[in-house]
Amino acid sequence: MQRIVVVSPERIPLSPCRPARARWLLTQQKAAVLRRYPFTIILRQPPSGMATPLLRVKLDPGSKTTGLAVVNETTGEVVWAAEVTHRGQQVTEALAARRATRRGRRQRHTRYRPPRFDNRTRPKGWLPPSLASRVQNVVTWVERLRRVAPIAALSFELVRFDTQLIENPETTGIEYQQGTLAGWEAREYLLLKWGYRCAYCHQEATRWEVDHIVPRSRGGSNRISNLALACHACNQDKGDRTAAEYCHPAVQAQARQPLRDAAAVNSTRWALYERLQQTGLPVETGTGGRTKWNRTRRGLPKTHWLDAACVGVSTPARLQVRGIIPLAITAMGRHSRQMCRPNAFGFPDKAPKATSVVGGFRTGDLVRAVVPATSAKAGVYVGRLAVRATGFCNLKTAPGTIQGIHIRYCQPLQRGDGYAYRKGAALPPQI
Ligand SMILES: [Zn+2]
């Protein structure tokens with residue numbers, strides 16, 4: 001069941017409570033709402049010696065979306081879940097637009113500006129801004145959760161597959177020797193290596209088969225260098241021929257080339273790993289193969305937050321996920337630093353950037369607007385504010401955006417924190 005995070009009057013994280021208890025505390029005036037997202041209540045009186053469980057934050061970092069789950073390891077209960085949508089692509093696009101504008105300006109008849117391309121240095125561990133923003137999003141949310149919940153450990157999917165486990169299954173635990181988990185690591189490896197495409201017809205399929213390039217019946221081994229990804233049709237069609245006999249000698253050559261080092265496949269995850277270690281919490285790392293195996297064995301569907309809950313060896317045997325509605329968090333950035341917006345040709349022809357503070361509000365603030373009946377926009381609205389210098393602002397509410405709400409009707413609910421929030425998709429009832 002979804003839980004509500006609670007902090008003491010001194011803002012020390014306490015045991016998250018059930019929604020019914022939170023409602024009772026709020027109606028009895030024993031607690032107040034501290035934040036809307038994540039919904040946090042603060043007690044008015046110090047609690048009397050409640051045992052605080054230790055929770056684990058589990059992360060499944062992705063390029064577009066990162067899954068987050070807070071799990072109580074003793075009960076196997078998922079306490080809270082969220083999915084963070086990153087803005088990596090937007091960062092890339094904004095930088096590309098800026099670069100194009102500068103390039104264009106250099107061609108025009110302006111004063112001479114010497115080119116400045118070789119006077120920049122990058123600090124050690126530098127990441128491109130689009131990747132850095134993803135890392136920062138995740139670290140931000142780990143820190144925010146630590147402020148409101150008793151977090152004792154972190155789990156994190158560091159790599160998609162473990163190369164060592166694929167090549168030397170004998171060196172590891174019984175699960176690998178029996179082949180079950182090793183198969184999942186290998187499958188993950190093959191998916192990446194063959195780019196989610198059939199090695200023979202190059203089509204994307206929904207169900208994959210692992211094809212032996214030199215068939216088992218012809219003495220081919222189970223080594224990863226003898227495996228390729230194939231769709232069902234090609235696998236059947238190929239039968240007991242080798243890839244060369246099947247007129248695909250290139251597949252045989254490609255299979256012998258190992259995929260580049262697992263670390264290089266995902267540099268951001270290693271950067272994130274270093275940042276997570278700096279929190280001082282014990283960080284458990286897992287592989288994508290293990291995550292998938294954990295999730296499938298527990299009969300859970302594929303979502304980002306369930307993947308996160310299934311990361312690592314520490315995953316409880318029974319995960320209680322019923323009733324969890326993940327919070328959909330979208331990274332929005334915090335206003336633009338551009339002072340003058342150019343047109344499509346790079347000429348500054350729009351009005352200079354107006355103030356970012358209007359009537360004490362900023363874009364991104366969550367507000368409640370009570371518009372009186374005398375106004376055409378009469379009604380009560382709750383949403384995310386986009387300020388306009390005239391005072392007539394836009395309000396993004398759950399049903400849609402409403403324009404022309406004056407700032408004087410707005411009351412702050414939560415100040416902008418760089419993210420927008422929605423209710424995520426609930427699980428189907430049979431799970
Ligand atoms: Zn195929």
# chains A, B, ... in the order shown; residues from 1 in each chain; ligands from 1
$ select_by_dssp --residues "stretch 45-197 of chain A" --states "strand (DSSP E or B)" --output "CSV table (one decimal) with C-alpha atoms, in the first residue's frame"
chain,number,residue,atom,x,y,z
A,55,LEU,CA,14.2,1.6,4.1
A,56,ARG,CA,16.2,1.1,0.9
A,57,VAL,CA,16.0,3.4,-2.1
A,58,LYS,CA,16.3,1.4,-5.3
A,59,LEU,CA,17.1,3.0,-8.7
A,60,ASP,CA,16.9,1.9,-12.3
A,65,THR,CA,13.2,7.8,-17.5
A,66,THR,CA,14.6,6.6,-14.1
A,67,GLY,CA,12.6,4.4,-11.9
A,68,LEU,CA,12.6,5.0,-8.1
A,69,ALA,CA,11.3,2.7,-5.4
A,70,VAL,CA,11.5,2.9,-1.6
A,71,VAL,CA,11.4,-0.6,-0.2
A,72,ASN,CA,11.0,-1.9,3.3
A,77,GLU,CA,6.7,-3.7,1.0
A,78,VAL,CA,7.2,-1.1,-1.6
A,79,VAL,CA,6.5,2.1,0.4
A,80,TRP,CA,6.7,4.7,-2.3
A,81,ALA,CA,7.5,4.8,-6.0
A,82,ALA,CA,8.2,7.3,-8.7
A,83,GLU,CA,9.4,7.7,-12.3
A,84,VAL,CA,11.6,10.7,-13.1
A,85,THR,CA,11.5,11.8,-16.7
A,151,ILE,CA,16.8,5.7,4.2
A,152,ALA,CA,19.6,3.4,5.2
A,153,ALA,CA,20.8,2.0,1.9
A,154,LEU,CA,20.8,2.3,-1.8
A,155,SER,CA,20.4,-0.2,-4.6
A,156,PHE,CA,21.3,0.8,-8.1
A,157,GLU,CA,21.5,-0.9,-11.5
A,158,LEU,CA,25.0,-0.2,-12.5
A,159,VAL,CA,25.4,-2.2,-15.7
$ residues_near_ligand --ligand "ligand 1" --cutoff "9 Å" --atoms "only C-alpha atoms and all ligand atoms" --output "list in words"
Arg197, Cys198, Ala199, Tyr200, Cys201, His202, Gln203, Glu204, Ala205, Leu229, Ala230, Cys231, His232, Ala233, Cys234 and Asn235 of chain A
$ residues_around --residues "A:Phe347" --least-positions-apart "6" --cutoff "10 Å" --atoms "only C-alpha atoms" --output "list in words"
Thr101, Gly104, Arg105, Cys340 and Arg341 of chain A
$ write_last_selection --atoms "N, CA and C atoms" --output "compact mmCIF listing (two decimals), in the first residue's frame"
# COMPACT_ATOMS: atom_id res chain seq x y z
N THR A 101 23.11 29.58 -33.66
CA THR A 101 23.00 31.04 -33.66
C THR A 101 24.38 31.69 -33.68
N GLY A 104 26.06 31.23 -37.07
CA GLY A 104 25.46 32.12 -38.06
C GLY A 104 26.00 33.52 -37.93
N ARG A 105 26.15 33.96 -36.70
CA ARG A 105 26.60 35.33 -36.46
C ARG A 105 28.02 35.52 -36.98
N CYS A 340 18.07 37.56 -24.44
CA CYS A 340 17.40 38.14 -25.59
C CYS A 340 17.12 37.01 -26.56
N ARG A 341 15.87 36.80 -26.89
CA ARG A 341 15.54 35.63 -27.70
C ARG A 341 15.62 35.97 -29.19
$ atom_distance --atom1 "atom CA of A:Arg21" --atom2 "atom CA of A:Val5"
11.2 Å
$ closest_residue --among "A:Ala250, A:Leu395, A:Val358, A:Ala309" --to "A:Lys377" --atoms "only C-alpha atoms"
A:Leu395
$ residues_around --residues "A:Ser8" --least-positions-apart "4" --cutoff "6 Å" --atoms "only C-alpha atoms" --output "ChimeraX atom specification"
/A:12,42-43,46
$ write_last_selection --atoms "N, CA, C and O atoms" --output "CSV table (one decimal), in the first residue's frame"
chain,number,residue,atom,x,y,z
A,12,ILE,N,13.0,15.3,11.6
A,12,ILE,CA,13.7,14.0,11.5
A,12,ILE,C,12.7,13.0,10.8
A,12,ILE,O,11.6,12.9,11.2
A,42,ILE,N,4.0,16.8,8.6
A,42,ILE,CA,4.9,17.1,9.7
A,42,ILE,C,4.1,17.1,11.0
A,42,ILE,O,3.0,17.7,11.1
A,43,LEU,N,4.6,16.3,12.0
A,43,LEU,CA,3.8,16.2,13.2
A,43,LEU,C,4.0,17.5,14.0
A,43,LEU,O,5.0,18.2,13.9
A,46,PRO,N,6.3,15.9,19.2
A,46,PRO,CA,7.3,14.9,19.0
A,46,PRO,C,6.7,13.5,19.2
A,46,PRO,O,5.8,13.4,20.1
$ atom_distance --atom1 "atom CA of A:Thr390" --atom2 "atom CA of A:Arg415"
20.4 Å
$ residues_around --residues "A:Val7" --least-positions-apart "4" --cutoff "10 Å" --atoms "only C-alpha atoms" --output "list of chain:residue names"
A:Arg11, A:Ile12, A:Pro13, A:Leu14, A:Ser15, A:Pro16, A:Ala31, A:Leu34, A:Thr40, A:Ile41, A:Ile42, A:Leu43, A:Arg44, A:Pro46, A:Pro47, A:Arg147, A:Val148, A:Ala149, A:Pro150
$ closest_atom_pairs --of "stretch 98-160 of chain A" --to "stretch 325-336 of chain A" --cutoff "12 Å" --atoms "only C-alpha atoms" --output "Markdown table"
| residue | atom | partner | partner_atom | distance |
| --- | --- | --- | --- | --- |
| A:Ser130 | CA | A:Gly333 | CA | 11.8 |
| A:Ser133 | CA | A:Ala331 | CA | 9.1 |
| A:Arg134 | CA | A:Ala331 | CA | 9.1 |
| A:Val135 | CA | A:Ala331 | CA | 11.8 |
| A:Gln136 | CA | A:Ala331 | CA | 10.4 |
| A:Asn137 | CA | A:Ala331 | CA | 7.4 |
| A:Val138 | CA | A:Ala331 | CA | 10.4 |
| A:Thr140 | CA | A:Ala331 | CA | 10.8 |
| A:Trp141 | CA | A:Ile329 | CA | 10.0 |
$ write_last_selection --atoms "N, CA and C atoms" --output "PDB file, in the first residue's frame"
ATOM      1  N   SER A 130      23.773  17.293 -21.135  1.00  0.00           N
ATOM      2  CA  SER A 130      22.550  16.491 -21.200  1.00  0.00           C
ATOM      3  C   SER A 130      22.660  15.277 -20.286  1.00  0.00           C
ATOM      4  N   SER A 133      22.715  16.373 -16.477  1.00  0.00           N
ATOM      5  CA  SER A 133      21.399  16.696 -15.915  1.00  0.00           C
ATOM      6  C   SER A 133      20.700  15.433 -15.436  1.00  0.00           C
ATOM      7  N   ARG A 134      20.896  14.309 -16.148  1.00  0.00           N
ATOM      8  CA  ARG A 134      20.268  13.061 -15.707  1.00  0.00           C
ATOM      9  C   ARG A 134      20.836  12.619 -14.367  1.00  0.00           C
ATOM     10  N   VAL A 135      22.173  12.700 -14.262  1.00  0.00           N
ATOM     11  CA  VAL A 135      22.816  12.299 -13.010  1.00  0.00           C
ATOM     12  C   VAL A 135      22.305  13.176 -11.875  1.00  0.00           C
ATOM     13  N   GLN A 136      22.225  14.484 -12.134  1.00  0.00           N
ATOM     14  CA  GLN A 136      21.804  15.416 -11.089  1.00  0.00           C
ATOM     15  C   GLN A 136      20.353  15.190 -10.686  1.00  0.00           C
ATOM     16  N   ASN A 137      19.495  14.862 -11.652  1.00  0.00           N
ATOM     17  CA  ASN A 137      18.094  14.556 -11.322  1.00  0.00           C
ATOM     18  C   ASN A 137      18.024  13.426 -10.309  1.00  0.00           C
ATOM     19  N   VAL A 138      18.784  12.369 -10.558  1.00  0.00           N
ATOM     20  CA  VAL A 138      18.705  11.195  -9.687  1.00  0.00           C
ATOM     21  C   VAL A 138      19.258  11.513  -8.304  1.00  0.00           C
ATOM     22  N   THR A 140      19.440  14.414  -6.880  1.00  0.00           N
ATOM     23  CA  THR A 140      18.477  15.306  -6.229  1.00  0.00           C
ATOM     24  C   THR A 140      17.387  14.508  -5.543  1.00  0.00           C
ATOM     25  N   TRP A 141      16.847  13.504  -6.240  1.00  0.00           N
ATOM     26  CA  TRP A 141      15.720  12.765  -5.667  1.00  0.00           C
ATOM     27  C   TRP A 141      16.140  11.852  -4.548  1.00  0.00           C
TER      28      TRP A 141
END
$ select_by_dssp --residues "stretch 28-176 of chain A" --states "helix (DSSP H, G or I)" --output "JSON, numbers by chain"
{"A": [88, 89, 90, 91, 92, 93, 94, 95, 96, 97, 98, 99, 100, 101, 102, 103, 104, 105, 106, 107, 129, 130, 131, 132, 133, 134, 135, 136, 137, 138, 139, 140, 141, 142, 143, 144, 145, 146, 147, 148, 163, 164, 165, 166, 167, 169, 170, 171, 174, 175, 176]}
$ decode --residues "stretch 407-423 of chain A" --atoms "N, CA, C and O atoms" --output "PDB file, in the first residue's frame"
ATOM      1  N   ILE A 407      -2.415  37.094 -11.206  1.00  0.00           N
ATOM      2  CA  ILE A 407      -1.555  36.654 -10.105  1.00  0.00           C
ATOM      3  C   ILE A 407      -2.168  36.958  -8.744  1.00  0.00           C
ATOM      4  O   ILE A 407      -1.916  36.271  -7.765  1.00  0.00           O
ATOM      5  N   ARG A 408      -3.037  38.014  -8.672  1.00  0.00           N
ATOM      6  CA  ARG A 408      -3.575  38.404  -7.352  1.00  0.00           C
ATOM      7  C   ARG A 408      -4.545  37.359  -6.817  1.00  0.00           C
ATOM      8  O   ARG A 408      -4.861  37.366  -5.633  1.00  0.00           O
ATOM      9  N   TYR A 409      -5.031  36.466  -7.684  1.00  0.00           N
ATOM     10  CA  TYR A 409      -5.948  35.428  -7.218  1.00  0.00           C
ATOM     11  C   TYR A 409      -5.207  34.173  -6.742  1.00  0.00           C
ATOM     12  O   TYR A 409      -5.832  33.212  -6.324  1.00  0.00           O
ATOM     13  N   CYS A 410      -3.882  34.165  -6.874  1.00  0.00           N
ATOM     14  CA  CYS A 410      -3.112  32.940  -6.619  1.00  0.00           C
ATOM     15  C   CYS A 410      -2.585  32.879  -5.188  1.00  0.00           C
ATOM     16  O   CYS A 410      -2.164  33.895  -4.625  1.00  0.00           O
ATOM     17  N   GLN A 411      -2.612  31.682  -4.627  1.00  0.00           N
ATOM     18  CA  GLN A 411      -2.015  31.401  -3.321  1.00  0.00           C
ATOM     19  C   GLN A 411      -0.991  30.287  -3.519  1.00  0.00           C
ATOM     20  O   GLN A 411      -1.311  29.291  -4.170  1.00  0.00           O
ATOM     21  N   PRO A 412       0.215  30.434  -2.956  1.00  0.00           N
ATOM     22  CA  PRO A 412       1.215  29.380  -3.191  1.00  0.00           C
ATOM     23  C   PRO A 412       0.887  28.103  -2.425  1.00  0.00           C
ATOM     24  O   PRO A 412       0.460  28.153  -1.275  1.00  0.00           O
ATOM     25  N   LEU A 413       1.055  26.966  -3.069  1.00  0.00           N
ATOM     26  CA  LEU A 413       0.942  25.667  -2.396  1.00  0.00           C
ATOM     27  C   LEU A 413       2.324  25.072  -2.195  1.00  0.00           C
ATOM     28  O   LEU A 413       2.618  24.487  -1.169  1.00  0.00           O
ATOM     29  N   GLN A 414       3.157  25.188  -3.217  1.00  0.00           N
ATOM     30  CA  GLN A 414       4.539  24.707  -3.111  1.00  0.00           C
ATOM     31  C   GLN A 414       5.365  25.475  -4.131  1.00  0.00           C
ATOM     32  O   GLN A 414       4.969  25.589  -5.293  1.00  0.00           O
ATOM     33  N   ARG A 415       6.510  25.960  -3.680  1.00  0.00           N
ATOM     34  CA  ARG A 415       7.352  26.747  -4.583  1.00  0.00           C
ATOM     35  C   ARG A 415       7.974  25.845  -5.643  1.00  0.00           C
ATOM     36  O   ARG A 415       8.222  24.664  -5.383  1.00  0.00           O
ATOM     37  N   GLY A 416       8.220  26.421  -6.794  1.00  0.00           N
ATOM     38  CA  GLY A 416       8.813  25.654  -7.893  1.00  0.00           C
ATOM     39  C   GLY A 416      10.129  25.029  -7.473  1.00  0.00           C
ATOM     40  O   GLY A 416      10.958  25.680  -6.841  1.00  0.00           O
ATOM     41  N   ASP A 417      10.322  23.748  -7.793  1.00  0.00           N
ATOM     42  CA  ASP A 417      11.554  23.062  -7.416  1.00  0.00           C
ATOM     43  C   ASP A 417      12.188  22.384  -8.624  1.00  0.00           C
ATOM     44  O   ASP A 417      12.950  21.447  -8.490  1.00  0.00           O
ATOM     45  N   GLY A 418      11.844  22.870  -9.819  1.00  0.00           N
ATOM     46  CA  GLY A 418      12.481  22.335 -11.024  1.00  0.00           C
ATOM     47  C   GLY A 418      11.807  21.103 -11.594  1.00  0.00           C
ATOM     48  O   GLY A 418      12.288  20.539 -12.567  1.00  0.00           O
ATOM     49  N   TYR A 419      10.702  20.670 -10.976  1.00  0.00           N
ATOM     50  CA  TYR A 419      10.030  19.463 -11.455  1.00  0.00           C
ATOM     51  C   TYR A 419       8.531  19.701 -11.547  1.00  0.00           C
ATOM     52  O   TYR A 419       7.977  20.511 -10.806  1.00  0.00           O
ATOM     53  N   ALA A 420       7.891  18.987 -12.462  1.00  0.00           N
ATOM     54  CA  ALA A 420       6.429  18.979 -12.541  1.00  0.00           C
ATOM     55  C   ALA A 420       5.963  17.600 -12.103  1.00  0.00           C
ATOM     56  O   ALA A 420       6.680  16.613 -12.280  1.00  0.00           O
ATOM     57  N   TYR A 421       4.743  17.537 -11.562  1.00  0.00           N
ATOM     58  CA  TYR A 421       4.270  16.287 -10.966  1.00  0.00           C
ATOM     59  C   TYR A 421       2.908  15.911 -11.517  1.00  0.00           C
ATOM     60  O   TYR A 421       2.061  16.767 -11.768  1.00  0.00           O
ATOM     61  N   ARG A 422       2.720  14.613 -11.673  1.00  0.00           N
ATOM     62  CA  ARG A 422       1.440  14.043 -12.078  1.00  0.00           C
ATOM     63  C   ARG A 422       1.283  12.736 -11.330  1.00  0.00           C
ATOM     64  O   ARG A 422       2.249  12.158 -10.843  1.00  0.00           O
ATOM     65  N   LYS A 423       0.079  12.246 -11.334  1.00  0.00           N
ATOM     66  CA  LYS A 423      -0.157  10.902 -10.829  1.00  0.00           C
ATOM     67  C   LYS A 423       0.269   9.923 -11.918  1.00  0.00           C
ATOM     68  O   LYS A 423      -0.114  10.088 -13.075  1.00  0.00           O
TER      69      LYS A 423
END
